[in-house]
>>> print(open('entry32.txt').read())   # compact mmCIF, C-alpha atoms
# COMPACT_ATOMS: atom_id res chain seq x y z
CA ASN N 1 85.61 -110.99 133.31
CA LEU N 2 89.14 -112.19 134.12
CA CYS N 3 88.62 -111.28 137.76
CA ASN N 4 85.28 -113.10 137.84
CA ILE N 5 87.02 -116.19 136.45
CA SER N 6 89.65 -115.77 139.17
CA ASN N 7 86.94 -115.70 141.84
CA ASN N 8 85.26 -118.79 140.42
CA LYS N 9 88.56 -120.68 140.23
CA ARG N 10 89.20 -119.83 143.89
CA LYS N 11 85.78 -121.14 144.89
CA ILE N 12 86.59 -124.54 143.40
CA LYS N 13 90.07 -124.43 145.01
CA GLU N 14 91.99 -124.03 141.77
CA TYR N 15 94.25 -121.50 143.45
CA CYS N 16 97.05 -121.36 140.86
CA GLU N 17 94.62 -120.66 138.05
CA SER N 18 92.78 -118.18 140.25
CA LEU N 19 95.99 -116.24 140.81
CA GLU N 20 96.91 -116.37 137.11
CA TYR N 21 93.58 -114.86 136.12
CA GLY N 22 93.69 -112.42 139.03
CA PHE N 23 97.09 -111.05 138.04
CA LYS N 24 96.04 -110.75 134.38
CA ALA N 25 92.93 -108.86 135.45
CA LEU N 26 94.92 -106.60 137.77
CA LYS N 27 97.28 -105.74 134.92
CA VAL N 28 94.34 -104.71 132.72
CA GLY N 29 92.74 -102.73 135.57
CA THR N 30 96.01 -100.91 136.17
CA GLU N 31 96.48 -100.15 132.47
CA ILE N 32 93.03 -98.62 132.16
CA LYS N 33 93.41 -96.88 135.55
CA SER N 34 90.14 -98.23 136.89
CA ASN N 35 89.91 -97.85 140.65
CA TYR N 36 87.03 -100.32 140.80
CA ASN N 37 88.81 -103.01 138.76
CA GLN N 38 92.03 -102.54 140.71
CA GLY N 39 90.14 -102.80 143.98
CA PHE N 40 88.17 -105.84 142.83
CA CYS N 41 91.26 -107.64 141.50
CA ASN N 42 93.39 -106.86 144.55
CA GLN N 43 90.57 -108.18 146.74
CA SER N 44 90.31 -111.33 144.63
CA ILE N 45 94.07 -111.98 144.74
CA GLY N 46 94.21 -111.26 148.46
CA GLU N 47 91.32 -113.57 149.20
CA THR N 48 92.91 -116.30 147.08
CA TYR N 49 96.14 -116.09 149.08
CA TYR N 50 94.10 -116.09 152.31
CA ARG N 51 92.06 -119.17 151.33
CA LEU N 52 95.18 -120.88 150.00
CA ALA N 53 96.97 -120.29 153.30
CA LEU N 54 94.14 -121.77 155.33
CA ASP N 55 93.44 -124.72 153.05
CA SER N 56 95.75 -127.38 154.44
CA THR N 57 94.19 -130.10 152.28
CA THR N 58 95.49 -128.69 149.01
CA LYS N 59 99.05 -129.32 147.86
CA ILE N 60 100.09 -126.37 145.74
CA SER N 61 103.15 -125.76 143.64
CA CYS N 62 102.88 -122.86 141.25
CA LYS N 63 104.92 -119.75 140.64
CA HIS N 64 102.67 -117.51 142.76
CA PHE N 65 102.50 -119.82 145.77
CA LYS N 66 104.58 -118.78 148.77
CA GLN N 67 106.07 -121.42 151.03
CA GLY N 68 104.29 -121.51 154.37
CA VAL N 69 101.00 -120.34 155.79
CA VAL N 70 102.40 -117.13 157.26
CA ALA N 71 104.00 -116.04 153.97
CA ASN N 72 100.71 -116.50 152.09
CA LEU N 73 98.77 -114.66 154.79
CA GLN N 74 101.23 -111.77 154.62
CA VAL N 75 100.87 -111.56 150.84
CA ALA N 76 97.08 -111.70 151.28
CA SER N 77 97.21 -108.72 153.63
CA VAL N 78 99.21 -106.66 151.10
CA TYR N 79 96.65 -107.18 148.33
CA LEU N 80 93.67 -106.71 150.63
CA LYS N 81 95.09 -103.40 151.91
CA GLU N 82 95.48 -102.27 148.30
CA ALA N 83 91.84 -103.16 147.68
CA VAL N 84 90.84 -101.03 150.67
CA ILE N 85 92.71 -98.06 149.18
CA PHE N 86 90.97 -98.36 145.81
CA TYR N 87 87.52 -98.97 147.30
CA GLY N 88 88.12 -95.98 149.59
CA LYS N 89 88.70 -93.77 146.54
CA LEU N 90 85.31 -94.90 145.26
CA ASN N 91 83.61 -94.67 148.66
CA ASP N 92 82.24 -98.17 148.00
CA LEU N 93 81.12 -98.99 151.53
CA GLN N 94 79.89 -102.49 150.69
CA ALA N 95 83.23 -103.50 149.15
CA LEU N 96 85.15 -101.76 151.94
CA SER N 97 83.12 -103.67 154.48
CA GLU N 98 83.76 -107.06 152.85
CA THR N 99 87.47 -106.38 152.37
CA SER N 100 87.89 -105.09 155.92
CA LEU N 101 86.36 -108.31 157.24
CA LEU N 102 88.80 -110.37 155.15
CA LEU N 103 91.69 -108.26 156.43
CA SER N 104 90.49 -108.74 159.99
CA GLU N 105 90.39 -112.51 159.50
CA THR N 106 93.82 -112.46 157.84
CA TYR N 107 95.40 -110.54 160.71
CA GLU N 108 93.65 -112.78 163.22
CA ALA N 109 95.17 -115.82 161.49
CA LEU N 110 98.58 -114.09 161.67
CA GLY N 111 98.08 -113.51 165.39
CA GLU N 112 98.09 -109.73 164.96
CA THR N 113 95.08 -109.05 167.15
CA LYS N 114 95.34 -105.23 167.24
CA LYS N 115 95.26 -105.00 163.46
CA ALA N 116 92.53 -107.64 163.33
CA LEU N 117 90.41 -105.63 165.76
CA SER N 118 91.05 -102.38 163.88
CA TYR N 119 89.86 -103.85 160.58
CA TYR N 120 86.92 -105.55 162.29
CA LYS N 121 85.85 -102.15 163.62
CA GLN N 122 86.10 -100.75 160.08
CA TYR N 123 84.03 -103.68 158.85
CA THR N 124 81.24 -103.08 161.37
CA SER N 125 81.25 -99.32 160.80
CA ASN N 126 80.99 -99.72 157.02
CA LYS N 127 78.42 -102.51 157.38
CA ASP N 128 76.28 -100.26 159.60
CA SER N 129 76.57 -97.44 157.07
CA VAL N 130 75.55 -99.74 154.22
CA PHE N 131 72.61 -100.96 156.31
CA SER N 132 71.51 -97.38 157.03
CA ILE N 133 71.74 -96.42 153.36
CA GLU N 134 69.73 -99.49 152.33
CA LYS N 135 67.09 -98.75 154.97
CA SER N 136 66.80 -95.15 153.75
CA LYS N 137 66.37 -96.36 150.16
CA MET N 138 63.72 -98.83 151.24
CA ILE N 139 61.81 -96.19 153.20
CA THR N 140 61.96 -93.78 150.25
CA SER N 141 60.70 -96.51 147.92
CA ILE N 142 57.77 -97.29 150.24
CA GLU N 143 56.94 -93.59 150.55
CA ASN N 144 56.99 -93.20 146.75
CA LYS N 145 54.69 -96.20 146.28
CA PHE N 146 52.32 -94.81 148.92
CA GLU N 147 52.22 -91.39 147.19
CA ILE N 148 51.50 -93.03 143.84
CA GLU N 149 48.65 -95.06 145.36
CA ILE N 150 47.14 -91.91 146.89
CA ARG N 151 47.31 -90.05 143.55
CA GLU N 152 45.76 -92.99 141.73
CA LYS N 153 42.90 -93.09 144.26
CA GLN N 154 42.38 -89.32 143.96
CA ILE N 155 42.20 -89.62 140.18
CA LYS N 156 39.75 -92.53 140.46
CA ILE N 157 37.54 -90.56 142.86
CA LYS N 158 37.52 -87.56 140.50
CA TYR N 159 36.76 -89.81 137.53
CA ASP N 160 33.96 -91.62 139.41
CA ASN N 161 32.41 -88.23 140.34
CA GLY N 162 32.22 -87.16 136.70
CA TYR N 163 35.27 -84.93 136.51
CA SER N 164 36.46 -84.67 132.95
CA PHE N 165 40.18 -84.47 132.44
CA PRO N 166 41.47 -81.87 129.96
CA TYR N 167 43.66 -83.79 127.52
>>> encode(input="entry32.txt", output="structure tokens")
Amino acid sequence: NLCNISNNKRKIKEYCESLEYGFKALKVGTEIKSNYNQGFCNQSIGETYYRLALDSTTKISCKHFKQGVVANLQVASVYLKEAVIFYGKLNDLQALSETSLLLSETYEALGETKKALSYYKQYTSNKDSVFSIEKSKMITSIENKFEIEIREKQIKIKYDNGYSFPY
């Protein structure tokens, strides 16, 4: 819940509060040794630093804020790379994809094009894998519905032809 609050605070550009909640959530995730929570919180903190760095309209002065765009982007990359590690342990391709895209954008903003390209490639690879998995699930679901319809029709035909079912 703390991490969700952090994400919502970031969306309304309350970056200091977002970081406060993000760090509290990360502490809890670390204490309970939850790979998912640690990944989610690191991603949230990293994205907050990224958005903060790019938002030139907001004047920020809080204990977590780093002076300068580059410093905030560098901190963002540290937290986003941590998120990648935790999501990798979980094999969460969707989260890996999203975080890799953020890392790509962060490195692009830092002018580190090789790293940006590397993470963009990871993003597209994971995105394609997620797409393939979703397509397979959808096909399986359609096949299951089709099989159920066929069985229902077979039962109806037997019933209409006077077949009595042994109950």
>>> residues_around(input="entry32.txt", residues="stretch 107-121 of chain N", least_positions_apart="3", cutoff="12 Å", atoms="all atoms listed in the file", output="PyMOL selection string")
chain N and resi 50-51+53-54+68-78+80-81+84+96-104+124-128
>>> closest_residue(input="entry32.txt", among="N:Ile45, N:Leu2, N:Ile60, N:Ile32", to="N:Leu19", atoms="all atoms listed in the file")
N:Ile45
>>> atom_distance(input="entry32.txt", atom1="atom CA of N:Glu20", atom2="atom CA of N:Asn35")
20.1 Å
>>> closest_residue(input="entry32.txt", among="N:Cys16, N:Ile5, N:Ile148, N:Val28", to="N:Lys63", atoms="only C-alpha atoms")
N:Cys16
>>> residues_around(input="entry32.txt", residues="N:Phe86", least_positions_apart="6", cutoff="8 Å", atoms="all atoms listed in the file", output="PyMOL selection string")
chain N and resi 35-36+38-39
>>> atom_distance(input="entry32.txt", atom1="atom CA of N:Lys33", atom2="atom CA of N:Asn1")
16.3 Å
>>> build_atoms(input="entry32.txt", residues="stretch 24-45 of chain N", atoms="N, CA and C atoms", output="PDB file, keeping the file's coordinate frame")
ATOM      1  N   LYS N  24      96.350-111.267 135.719  1.00  0.00           N
ATOM      2  CA  LYS N  24      96.040-110.750 134.380  1.00  0.00           C
ATOM      3  C   LYS N  24      95.005-109.624 134.477  1.00  0.00           C
ATOM      4  N   ALA N  25      93.989-109.857 135.277  1.00  0.00           N
ATOM      5  CA  ALA N  25      92.930-108.860 135.450  1.00  0.00           C
ATOM      6  C   ALA N  25      93.471-107.597 136.106  1.00  0.00           C
ATOM      7  N   LEU N  26      94.333-107.752 137.095  1.00  0.00           N
ATOM      8  CA  LEU N  26      94.920-106.600 137.770  1.00  0.00           C
ATOM      9  C   LEU N  26      95.759-105.773 136.801  1.00  0.00           C
ATOM     10  N   LYS N  27      96.472-106.445 135.925  1.00  0.00           N
ATOM     11  CA  LYS N  27      97.280-105.740 134.920  1.00  0.00           C
ATOM     12  C   LYS N  27      96.385-104.887 134.025  1.00  0.00           C
ATOM     13  N   VAL N  28      95.281-105.460 133.581  1.00  0.00           N
ATOM     14  CA  VAL N  28      94.340-104.710 132.720  1.00  0.00           C
ATOM     15  C   VAL N  28      93.749-103.541 133.515  1.00  0.00           C
ATOM     16  N   GLY N  29      93.315-103.793 134.743  1.00  0.00           N
ATOM     17  CA  GLY N  29      92.740-102.730 135.570  1.00  0.00           C
ATOM     18  C   GLY N  29      93.707-101.596 135.806  1.00  0.00           C
ATOM     19  N   THR N  30      94.982-101.927 135.970  1.00  0.00           N
ATOM     20  CA  THR N  30      96.010-100.910 136.170  1.00  0.00           C
ATOM     21  C   THR N  30      96.233-100.118 134.883  1.00  0.00           C
ATOM     22  N   GLU N  31      96.270-100.821 133.758  1.00  0.00           N
ATOM     23  CA  GLU N  31      96.480-100.150 132.470  1.00  0.00           C
ATOM     24  C   GLU N  31      95.368 -99.163 132.146  1.00  0.00           C
ATOM     25  N   ILE N  32      94.147 -99.515 132.463  1.00  0.00           N
ATOM     26  CA  ILE N  32      93.030 -98.620 132.160  1.00  0.00           C
ATOM     27  C   ILE N  32      92.732 -97.659 133.320  1.00  0.00           C
ATOM     28  N   LYS N  33      93.521 -97.768 134.389  1.00  0.00           N
ATOM     29  CA  LYS N  33      93.410 -96.880 135.550  1.00  0.00           C
ATOM     30  C   LYS N  33      92.009 -96.887 136.168  1.00  0.00           C
ATOM     31  N   SER N  34      91.474 -98.081 136.313  1.00  0.00           N
ATOM     32  CA  SER N  34      90.140 -98.230 136.890  1.00  0.00           C
ATOM     33  C   SER N  34      90.267 -98.560 138.376  1.00  0.00           C
ATOM     34  N   ASN N  35      89.856 -97.617 139.208  1.00  0.00           N
ATOM     35  CA  ASN N  35      89.910 -97.850 140.650  1.00  0.00           C
ATOM     36  C   ASN N  35      89.076 -99.066 141.044  1.00  0.00           C
ATOM     37  N   TYR N  36      87.896 -99.188 140.447  1.00  0.00           N
ATOM     38  CA  TYR N  36      87.030-100.320 140.800  1.00  0.00           C
ATOM     39  C   TYR N  36      87.701-101.640 140.428  1.00  0.00           C
ATOM     40  N   ASN N  37      88.183-101.750 139.188  1.00  0.00           N
ATOM     41  CA  ASN N  37      88.810-103.010 138.760  1.00  0.00           C
ATOM     42  C   ASN N  37      90.053-103.323 139.585  1.00  0.00           C
ATOM     43  N   GLN N  38      90.842-102.301 139.895  1.00  0.00           N
ATOM     44  CA  GLN N  38      92.030-102.540 140.710  1.00  0.00           C
ATOM     45  C   GLN N  38      91.648-102.986 142.121  1.00  0.00           C
ATOM     46  N   GLY N  39      90.608-102.376 142.665  1.00  0.00           N
ATOM     47  CA  GLY N  39      90.140-102.800 143.980  1.00  0.00           C
ATOM     48  C   GLY N  39      89.621-104.219 143.962  1.00  0.00           C
ATOM     49  N   PHE N  40      88.790-104.517 142.965  1.00  0.00           N
ATOM     50  CA  PHE N  40      88.170-105.840 142.830  1.00  0.00           C
ATOM     51  C   PHE N  40      89.235-106.919 142.637  1.00  0.00           C
ATOM     52  N   CYS N  41      90.218-106.640 141.787  1.00  0.00           N
ATOM     53  CA  CYS N  41      91.260-107.640 141.500  1.00  0.00           C
ATOM     54  C   CYS N  41      92.196-107.824 142.685  1.00  0.00           C
ATOM     55  N   ASN N  42      92.553-106.727 143.357  1.00  0.00           N
ATOM     56  CA  ASN N  42      93.390-106.860 144.550  1.00  0.00           C
ATOM     57  C   ASN N  42      92.659-107.660 145.627  1.00  0.00           C
ATOM     58  N   GLN N  43      91.355-107.417 145.768  1.00  0.00           N
ATOM     59  CA  GLN N  43      90.570-108.180 146.740  1.00  0.00           C
ATOM     60  C   GLN N  43      90.562-109.663 146.364  1.00  0.00           C
ATOM     61  N   SER N  44      90.356-109.943 145.090  1.00  0.00           N
ATOM     62  CA  SER N  44      90.310-111.330 144.630  1.00  0.00           C
ATOM     63  C   SER N  44      91.643-112.039 144.882  1.00  0.00           C
ATOM     64  N   ILE N  45      92.742-111.387 144.527  1.00  0.00           N
ATOM     65  CA  ILE N  45      94.070-111.980 144.740  1.00  0.00           C
ATOM     66  C   ILE N  45      94.333-112.167 146.224  1.00  0.00           C
TER      67      ILE N  45
END
